[in-house]
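Enquirer: Take this structure, written in structure tokens, and hold onto it; I'll ask about it next.
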Amino acid sequence: MVSQKITVKNASGLHARPASELAKVCSQCKSDIAIVVGEKRINPKSILILMSAAIRCGTEILVECTGDSEKEDLEAVINAIDGGLGE
Amino acid sequence: MLAINVERTASKGIAIGKAFLVERPQLKKVFDIIPDQEIATQIKRYEEAVHSAEKELSGLVAANAIFGAHLEMVKDIALYEGVITKIKDEKKCAEAALSATAAEFVFIFESMDDEYMRERAADIKDVSHRLMCILQGVKSNPFEGITEDVILIAQDLTPSDTVSMDLTHIKGFITQEGGITSHVSILAKGLGLPALVGVEGILGKVKQNDVVIMDAKEGTIILYPEDSTIQQYQNKIEEQRRQQEELAKLKTLPAITKDGRTVELCANVGGIKDIKKALEYGMDGVGLFRSEFLYMDNNHFPTEEEQFAIYKEAAQLCNGELTIRTLDIGGDKALSYYEFETEENPFLGWRAIRISLELKEVFKAQLRAILRASAFGEVRIMFPMIISVEELYDAKEVLEECKKELDREGISYNSEVEVGMMIETPASIILIEDFAREVDFFSIGTNDLTQYLLAVDRGNKKISHMYNSFHPAVLRSIKRVIDAGHQNSVKVGMCGEFAGDERAVKLLLGLGLDEFSMSASVLLNTKDIIRSTYYEEAKELADKACCKQTIAQVYNILDIHR
């Protein structure tokens, strides 16, 4: 398993469009992915779960990837979040 | 061949097409506990339903972006896992597992702080409804699957149906219920499509895909037509098209009488699409922007930003006035996301300005959006259903509050924005002189005015023949409004169906109406009549008509034969 911390920069947090973009990126990855926010571990491949987690701007999250392509997948997810998820 | 005669015509024109009968889905509630050997079958049923829903939604994304979000939800891994777990562990059938899982998500979203997120609960309900319909083998949208030219035949059509309809292949409407001012009639007129309403028993006479001819000018429906009849009607359609071409030449000419009186010919619109269409017909401006469609065509109260974007675009598109009527909901128009209490008399109930004054935040969001748009064009604000001067004061006070807020925020708007009111209640006629001192313009809403003055429910088939705007009480009321308006320099328009009634044009012109606002499709025909009339003659005619005591005498003066 590989993991990396990152801070959400989107002004309104992981709202509709960024959440949808993140779910899309994660769904394309073969690894099992989890996002850890505080006490919660959530599955970012689900837009419903992502949106209901209501992750706000400035929150630090931990992205974990497990699987054959975990390194590439982690990089892809981190890049997407860092790049503002289409916003 | 079977010909059916229809008394009332809602929107003129001729159409030929296959019958498309609108069937409303009936969902059963299923709570079956399944035996172990059924589990695999139920999972497969659910997976197949998801697959079909994906296909349906992919086809809809182009029409409305909201379906893109639905598509993602339907494929969502958490929804899928939730359903599958409930089938496996709780031995629920696919329907029961789906409704339980969807209910969980709806609960989560509905209890969130963020308004936007709360509204997503409605999307989850929509998606779950779609899957449920597929599981039970019923169509979730009764208008899906129209791929060739059809004539839509339904019990009745509601405003929210409009949203789910793809109009590309719809050539005409026939409904069993509804009057000439019902929603379907207004919709059809706006689209320039023929409509026949209140056609009793039609659903029992025609089968899905039967070829149907409708002539809404003559009031005829022909079932099982012979080839020669089809040919004959195709010729008529061609003739109709040629007439339209003739009228199109009037597009850029002003609406001026032979002796030089110019009036404004405006359009009634429900949104940007209608404005673009009305521009093609050479409108002078928008006399009625029905803002309720923004609210009905939505799953939440549209925010200030969402409304501003649309009003701004509308203001920039119109090369003349843009009269925005504030939310006119209630009565026969409901919202999917707001529960109205059932009322015994919805038309005498909680509607229009009454709702706005009570849901103040909703009202303010709209007024702020309209004010902001006023910086981009000739925007006018119009309040519906006013019955008292207090109500008008209250509405104007909220408007002032919004102006002050915008001033503080440094947001620009037109501080001289014109404020007017609909004249559609008997009380507003009686107090017309008082109102004339308070507003910049009147717009007579003849549909409601006629119904309230005559105490005739326009949707009630049994008495709808009594609904008639040529009734002397209605005519004299219109005259009163125009006279009071002119004595106080208040411009008087009309945005009811009557303004586009070719039998009434001369009369209204003679009464001194300044602005006629109507469905775009009848604009040119009205212009044609105005351009071939002498105002002085029209005045004499109007004076005579207003003295008459019966509808028959009025018809006689105006040379109307039915």
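Residues in the structure tokens are numbered from 1 in each chain, the chains being A, B, ... in the order shown, and ligands are numbered from 1 in the order shown.
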Could you give me, as JSON lines, every chain B residue with an atom at most 12 Å from chain A, plus its closest atom pair and distance in Å to one decimal, counting only C-alpha atoms, rows ordered by chain then number?

Expert:
{"residue": "B:Ala65", "atom": "CA", "partner": "A:Arg17", "partner_atom": "CA", "distance": 11.9}
{"residue": "B:Ile66", "atom": "CA", "partner": "A:Ala16", "partner_atom": "CA", "distance": 11.5}
{"residue": "B:Gly68", "atom": "CA", "partner": "A:Ser20", "partner_atom": "CA", "distance": 10.2}
{"residue": "B:Ala69", "atom": "CA", "partner": "A:Ser20", "partner_atom": "CA", "distance": 8.2}
{"residue": "B:His70", "atom": "CA", "partner": "A:Ile47", "partner_atom": "CA", "distance": 10.8}
{"residue": "B:Leu71", "atom": "CA", "partner": "A:Ser20", "partner_atom": "CA", "distance": 11.0}
{"residue": "B:Glu72", "atom": "CA", "partner": "A:Ile47", "partner_atom": "CA", "distance": 7.5}
{"residue": "B:Met73", "atom": "CA", "partner": "A:Leu48", "partner_atom": "CA", "distance": 7.0}
{"residue": "B:Val74", "atom": "CA", "partner": "A:Leu48", "partner_atom": "CA", "distance": 10.1}
{"residue": "B:Lys75", "atom": "CA", "partner": "A:Ser46", "partner_atom": "CA", "distance": 8.8}
{"residue": "B:Asp76", "atom": "CA", "partner": "A:Ser46", "partner_atom": "CA", "distance": 5.4}
{"residue": "B:Ile77", "atom": "CA", "partner": "A:Ser46", "partner_atom": "CA", "distance": 5.3}
{"residue": "B:Ala78", "atom": "CA", "partner": "A:Ser46", "partner_atom": "CA", "distance": 5.5}
{"residue": "B:Leu79", "atom": "CA", "partner": "A:Leu48", "partner_atom": "CA", "distance": 7.7}
{"residue": "B:Tyr80", "atom": "CA", "partner": "A:Ser46", "partner_atom": "CA", "distance": 9.6}
{"residue": "B:Glu81", "atom": "CA", "partner": "A:Ser46", "partner_atom": "CA", "distance": 10.1}
{"residue": "B:Gly82", "atom": "CA", "partner": "A:Ile49", "partner_atom": "CA", "distance": 11.3}
{"residue": "B:Thr101", "atom": "CA", "partner": "A:Leu48", "partner_atom": "CA", "distance": 11.7}
{"residue": "B:Ala102", "atom": "CA", "partner": "A:Leu48", "partner_atom": "CA", "distance": 10.6}
{"residue": "B:Glu104", "atom": "CA", "partner": "A:Leu48", "partner_atom": "CA", "distance": 11.1}
{"residue": "B:Phe105", "atom": "CA", "partner": "A:Leu48", "partner_atom": "CA", "distance": 7.7}
{"residue": "B:Val106", "atom": "CA", "partner": "A:Leu48", "partner_atom": "CA", "distance": 10.1}
{"residue": "B:Phe107", "atom": "CA", "partner": "A:Ser52", "partner_atom": "CA", "distance": 10.4}
{"residue": "B:Ile108", "atom": "CA", "partner": "A:Ser52", "partner_atom": "CA", "distance": 6.8}
{"residue": "B:Phe109", "atom": "CA", "partner": "A:Ser52", "partner_atom": "CA", "distance": 6.5}
{"residue": "B:Glu110", "atom": "CA", "partner": "A:Ser52", "partner_atom": "CA", "distance": 10.0}
{"residue": "B:Ser111", "atom": "CA", "partner": "A:Ser52", "partner_atom": "CA", "distance": 9.9}
{"residue": "B:Met112", "atom": "CA", "partner": "A:Ser52", "partner_atom": "CA", "distance": 7.9}
{"residue": "B:Asp113", "atom": "CA", "partner": "A:Ala54", "partner_atom": "CA", "distance": 9.4}
{"residue": "B:Asp114", "atom": "CA", "partner": "A:Ala54", "partner_atom": "CA", "distance": 8.8}
{"residue": "B:Glu115", "atom": "CA", "partner": "A:His15", "partner_atom": "CA", "distance": 11.5}
{"residue": "B:Tyr116", "atom": "CA", "partner": "A:Ala16", "partner_atom": "CA", "distance": 8.6}
{"residue": "B:Met117", "atom": "CA", "partner": "A:Met51", "partner_atom": "CA", "distance": 7.7}
{"residue": "B:Arg118", "atom": "CA", "partner": "A:Ser52", "partner_atom": "CA", "distance": 9.9}
{"residue": "B:Glu119", "atom": "CA", "partner": "A:Ala16", "partner_atom": "CA", "distance": 11.2}
{"residue": "B:Arg120", "atom": "CA", "partner": "A:Ala16", "partner_atom": "CA", "distance": 9.2}
{"residue": "B:Ala121", "atom": "CA", "partner": "A:Leu48", "partner_atom": "CA", "distance": 10.2}
{"residue": "B:Asp123", "atom": "CA", "partner": "A:Leu48", "partner_atom": "CA", "distance": 10.9}
{"residue": "B:Ile124", "atom": "CA", "partner": "A:Leu48", "partner_atom": "CA", "distance": 9.1}

Enquirer: At a cut-off of 6 Å, using only C-alpha atoms, what residues contact range 525-538 of chain B? Leave out same-chain residues fewer than 3 positions from it and give the result as a list in words.

Expert: Ala255, Ile256, Thr257, Lys258, Asp259, Lys506, Gly510, Val522 and Leu541 of chain B

Enquirer: Between CA of Gly285 in chain B and CA of Cys318 in chain B, what distance in Å does the model show, to one decimal?

Expert: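 One can read the CA of Gly285 in chain B to CA of Cys318 in chain B distance as 5.9 Å.
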
Enquirer: Find, counting only C-alpha atoms, the residue in B:Ile153, B:Leu135, B:Ala96, B:Ile222 that gets nearest to Glu23 in chain B.

Expert: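 Nearest candidate to Glu23 in chain B out of B:Ile153, B:Leu135, B:Ala96, B:Ile222: B:Ile153.
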
Enquirer: Please return, as a PyMOL selection string, all residues of range 56-110 of chain B that DSSP assigns to alpha helix (DSSP H) on the basis of the backbone.

Expert: chain B and resi 56-60+66-75+77-90+94-110

Enquirer: Using only N, CA and C atoms, please write the residues we just selected to a file, as a compact mmCIF listing (two decimals), in the first residue's frame.

Expert:
# COMPACT_ATOMS: atom_id res chain seq x y z
N GLU B 56 -30.52 4.48 -21.17
CA GLU B 56 -31.52 5.55 -21.24
C GLU B 56 -30.88 6.90 -20.98
N LEU B 57 -30.11 6.96 -19.90
CA LEU B 57 -29.55 8.24 -19.48
C LEU B 57 -28.51 8.77 -20.46
N SER B 58 -27.70 7.85 -21.00
CA SER B 58 -26.68 8.32 -21.96
C SER B 58 -27.35 9.06 -23.11
N GLY B 59 -28.53 8.57 -23.49
CA GLY B 59 -29.24 9.20 -24.60
C GLY B 59 -29.82 10.55 -24.23
N LEU B 60 -29.95 10.82 -22.94
CA LEU B 60 -30.62 12.05 -22.50
C LEU B 60 -29.64 13.17 -22.14
N ILE B 66 -28.42 17.69 -16.33
CA ILE B 66 -28.77 17.02 -15.07
C ILE B 66 -28.70 15.49 -15.23
N PHE B 67 -28.96 15.01 -16.45
CA PHE B 67 -28.92 13.57 -16.66
C PHE B 67 -27.50 13.01 -16.60
N GLY B 68 -26.50 13.87 -16.80
CA GLY B 68 -25.11 13.45 -16.64
C GLY B 68 -24.87 13.07 -15.18
N ALA B 69 -25.38 13.88 -14.28
CA ALA B 69 -25.23 13.58 -12.85
C ALA B 69 -26.00 12.30 -12.51
N HIS B 70 -27.18 12.15 -13.11
CA HIS B 70 -27.96 10.92 -12.86
C HIS B 70 -27.23 9.68 -13.36
N LEU B 71 -26.56 9.85 -14.49
CA LEU B 71 -25.83 8.73 -15.07
C LEU B 71 -24.74 8.26 -14.10
N GLU B 72 -24.04 9.22 -13.52
CA GLU B 72 -22.99 8.85 -12.56
C GLU B 72 -23.58 8.16 -11.34
N MET B 73 -24.72 8.65 -10.90
CA MET B 73 -25.33 8.05 -9.71
C MET B 73 -25.79 6.62 -9.97
N VAL B 74 -26.35 6.41 -11.15
CA VAL B 74 -26.89 5.10 -11.44
C VAL B 74 -25.76 4.06 -11.51
N LYS B 75 -24.56 4.53 -11.92
CA LYS B 75 -23.41 3.62 -12.00
C LYS B 75 -22.66 3.55 -10.68
N ILE B 77 -20.78 3.03 -7.36
CA ILE B 77 -20.37 1.79 -6.72
C ILE B 77 -21.03 1.62 -5.35
N ALA B 78 -21.22 2.72 -4.63
CA ALA B 78 -21.80 2.61 -3.29
C ALA B 78 -23.28 2.25 -3.36
N LEU B 79 -23.97 2.81 -4.33
CA LEU B 79 -25.37 2.46 -4.52
C LEU B 79 -25.47 0.98 -4.89
N TYR B 80 -24.61 0.56 -5.82
CA TYR B 80 -24.59 -0.83 -6.27
C TYR B 80 -24.33 -1.78 -5.11
N GLU B 81 -23.26 -1.48 -4.36
CA GLU B 81 -22.91 -2.37 -3.25
C GLU B 81 -23.99 -2.41 -2.18
N GLY B 82 -24.60 -1.25 -1.95
CA GLY B 82 -25.68 -1.19 -0.96
C GLY B 82 -26.82 -2.13 -1.36
N VAL B 83 -27.20 -2.07 -2.63
CA VAL B 83 -28.31 -2.90 -3.11
C VAL B 83 -27.93 -4.38 -3.06
N ILE B 84 -26.74 -4.70 -3.56
CA ILE B 84 -26.33 -6.10 -3.61
C ILE B 84 -26.23 -6.70 -2.20
N THR B 85 -25.69 -5.91 -1.26
CA THR B 85 -25.59 -6.40 0.12
C THR B 85 -26.97 -6.72 0.68
N LYS B 86 -27.93 -5.85 0.38
CA LYS B 86 -29.26 -6.08 0.92
C LYS B 86 -29.93 -7.29 0.28
N ILE B 87 -29.59 -7.56 -0.97
CA ILE B 87 -30.14 -8.78 -1.60
C ILE B 87 -29.51 -10.01 -0.95
N LYS B 88 -28.18 -9.97 -0.80
CA LYS B 88 -27.47 -11.15 -0.28
C LYS B 88 -27.74 -11.39 1.20
N ASP B 89 -27.58 -10.33 2.02
CA ASP B 89 -27.63 -10.52 3.47
C ASP B 89 -29.03 -10.44 4.04
N GLU B 90 -29.83 -9.55 3.46
CA GLU B 90 -31.16 -9.37 4.05
C GLU B 90 -32.23 -10.07 3.24
N ALA B 94 -34.89 -7.32 -5.53
CA ALA B 94 -34.18 -6.16 -6.08
C ALA B 94 -34.89 -4.85 -5.77
N GLU B 95 -36.22 -4.82 -5.94
CA GLU B 95 -36.97 -3.58 -5.70
C GLU B 95 -36.83 -3.12 -4.25
N ALA B 96 -37.02 -4.08 -3.32
CA ALA B 96 -36.97 -3.72 -1.91
C ALA B 96 -35.56 -3.27 -1.52
N ALA B 97 -34.55 -3.97 -2.06
CA ALA B 97 -33.16 -3.61 -1.74
C ALA B 97 -32.85 -2.22 -2.27
N LEU B 98 -33.34 -1.93 -3.48
CA LEU B 98 -33.10 -0.62 -4.07
C LEU B 98 -33.78 0.47 -3.26
N SER B 99 -35.04 0.27 -2.90
CA SER B 99 -35.71 1.37 -2.22
C SER B 99 -35.11 1.59 -0.84
N ALA B 100 -34.65 0.52 -0.17
CA ALA B 100 -34.01 0.71 1.13
C ALA B 100 -32.68 1.46 0.99
N THR B 101 -31.89 1.08 -0.01
CA THR B 101 -30.59 1.74 -0.19
C THR B 101 -30.77 3.20 -0.58
N ALA B 102 -31.68 3.44 -1.51
CA ALA B 102 -31.90 4.82 -1.94
C ALA B 102 -32.38 5.64 -0.75
N ALA B 103 -33.24 5.07 0.08
CA ALA B 103 -33.76 5.81 1.24
C ALA B 103 -32.62 6.21 2.17
N GLU B 104 -31.63 5.32 2.31
CA GLU B 104 -30.48 5.66 3.17
C GLU B 104 -29.74 6.88 2.63
N PHE B 105 -29.47 6.86 1.34
CA PHE B 105 -28.76 8.00 0.75
C PHE B 105 -29.59 9.28 0.81
N VAL B 106 -30.87 9.13 0.52
CA VAL B 106 -31.73 10.31 0.58
C VAL B 106 -31.67 10.90 1.98
N PHE B 107 -31.70 10.01 2.99
CA PHE B 107 -31.64 10.48 4.37
C PHE B 107 -30.34 11.24 4.63
N ILE B 108 -29.20 10.65 4.20
CA ILE B 108 -27.91 11.31 4.42
C ILE B 108 -27.91 12.70 3.80
N PHE B 109 -28.34 12.78 2.54
CA PHE B 109 -28.27 14.05 1.83
C PHE B 109 -29.27 15.07 2.39
N GLU B 110 -30.44 14.59 2.76
CA GLU B 110 -31.44 15.53 3.27
C GLU B 110 -31.03 16.11 4.61

Enquirer: Which is closer to Leu453 in chain B than all the others in B:Gly219, B:Gly204, B:His471, B:Phe441, using only C-alpha atoms?

Expert: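 Closest to Leu453 in chain B of all the choices is B:His471.
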
Enquirer: Check the smallest atom-to-atom distance from each of A:Lys40, A:Lys30, A:Asp73, A:Gly86 to Asn10 in chain A using only C-alpha atoms, then report the winner.

Expert: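 Ranking A:Lys40, A:Lys30, A:Asp73, A:Gly86 by distance to Asn10 in chain A, first place goes to A:Gly86.
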
Enquirer: Would you list the contacts of Ser12 in chain A as a ChimeraX atom specification, taking every protein, DNA or RNA residue within 10 Å and counting only C-alpha atoms, but skipping same-chain residues closer than 3 positions in sequence?

Expert: /A:8-9,15-16,18,54-58

Enquirer: Based on the backbone DSSP call, show me all residues of chain A assigned strand (DSSP E or B), as a PDB file with C-alpha atoms, in the first residue's frame.

Expert:
ATOM      1  CA  VAL A   2       1.171   3.514  -0.777  1.00  0.00           C
ATOM      2  CA  SER A   3      -0.312   6.707   0.632  1.00  0.00           C
ATOM      3  CA  GLN A   4       0.117  10.466   0.518  1.00  0.00           C
ATOM      4  CA  LYS A   5      -1.410  13.451   2.297  1.00  0.00           C
ATOM      5  CA  ILE A   6      -2.876  16.378   0.393  1.00  0.00           C
ATOM      6  CA  THR A   7      -4.972  19.437   1.207  1.00  0.00           C
ATOM      7  CA  ASP A  32      -8.360  -0.224  -4.137  1.00  0.00           C
ATOM      8  CA  ILE A  33      -8.458   3.390  -3.050  1.00  0.00           C
ATOM      9  CA  ALA A  34      -9.466   4.905   0.259  1.00  0.00           C
ATOM     10  CA  ILE A  35      -9.555   8.485   1.429  1.00  0.00           C
ATOM     11  CA  VAL A  36      -9.061   9.043   5.127  1.00  0.00           C
ATOM     12  CA  VAL A  37     -10.649  12.207   6.511  1.00  0.00           C
ATOM     13  CA  LYS A  40     -13.558   8.320   8.495  1.00  0.00           C
ATOM     14  CA  ARG A  41     -12.359   6.037   5.703  1.00  0.00           C
ATOM     15  CA  ILE A  42     -14.329   6.475   2.540  1.00  0.00           C
ATOM     16  CA  GLU A  60      -6.097  17.583   4.814  1.00  0.00           C
ATOM     17  CA  ILE A  61      -6.911  14.131   3.510  1.00  0.00           C
ATOM     18  CA  LEU A  62      -4.871  10.957   3.175  1.00  0.00           C
ATOM     19  CA  VAL A  63      -5.118   9.016  -0.079  1.00  0.00           C
ATOM     20  CA  GLU A  64      -4.297   5.286   0.118  1.00  0.00           C
ATOM     21  CA  CYS A  65      -3.865   2.983  -2.865  1.00  0.00           C
ATOM     22  CA  THR A  66      -3.461  -0.793  -2.778  1.00  0.00           C
TER      23      THR A  66
END

Enquirer: Do a neighbour search on Cys29 in chain A at 9 Å with only C-alpha atoms, toss out local chain neighbours closer than 4 positions, and write the hits as a PyMOL selection string.

Expert: chain A and resi 25+33+69-70+72-74+76-77

Enquirer: Considering only C-alpha atoms, return as a PyMOL selection string whatever protein or nucleic-acid residues lie within 8 Å of range 494-501 of chain B, sequence-local ones (same chain, fewer than 2 positions apart) excluded.

Expert: chain B and resi 181+268+287-288+442-447+469+492+503-505+508+513+515-519+522-523+526

Enquirer: What gap, in Å, lies between CA of Tyr413 in chain B and CA of Ala373 in chain B?

Expert: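 Computed distance, CA of Tyr413 in chain B to CA of Ala373 in chain B, equals 7.0 Å.
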
Enquirer: When you draw a straight line from CA of Val127 in chain B to CA of Ser140 in chain B, how long is it in Å?

Expert: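 These atoms are spaced 10.0 Å apart.
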
Enquirer: What's the 8 Å shell around range 17-20 of chain B, counting only C-alpha atoms, without same-chain residues fewer than 6 positions away, as a list in words?

Expert: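 Neighbouring residues, sequence-local ones excluded: Ile146, Asp149, Val150, Ile151, Leu152, Ile153, Lys171, Val206, Lys207, Gln208, Asn209, Asp210, Val211, Val212 and Ile213 of chain B.
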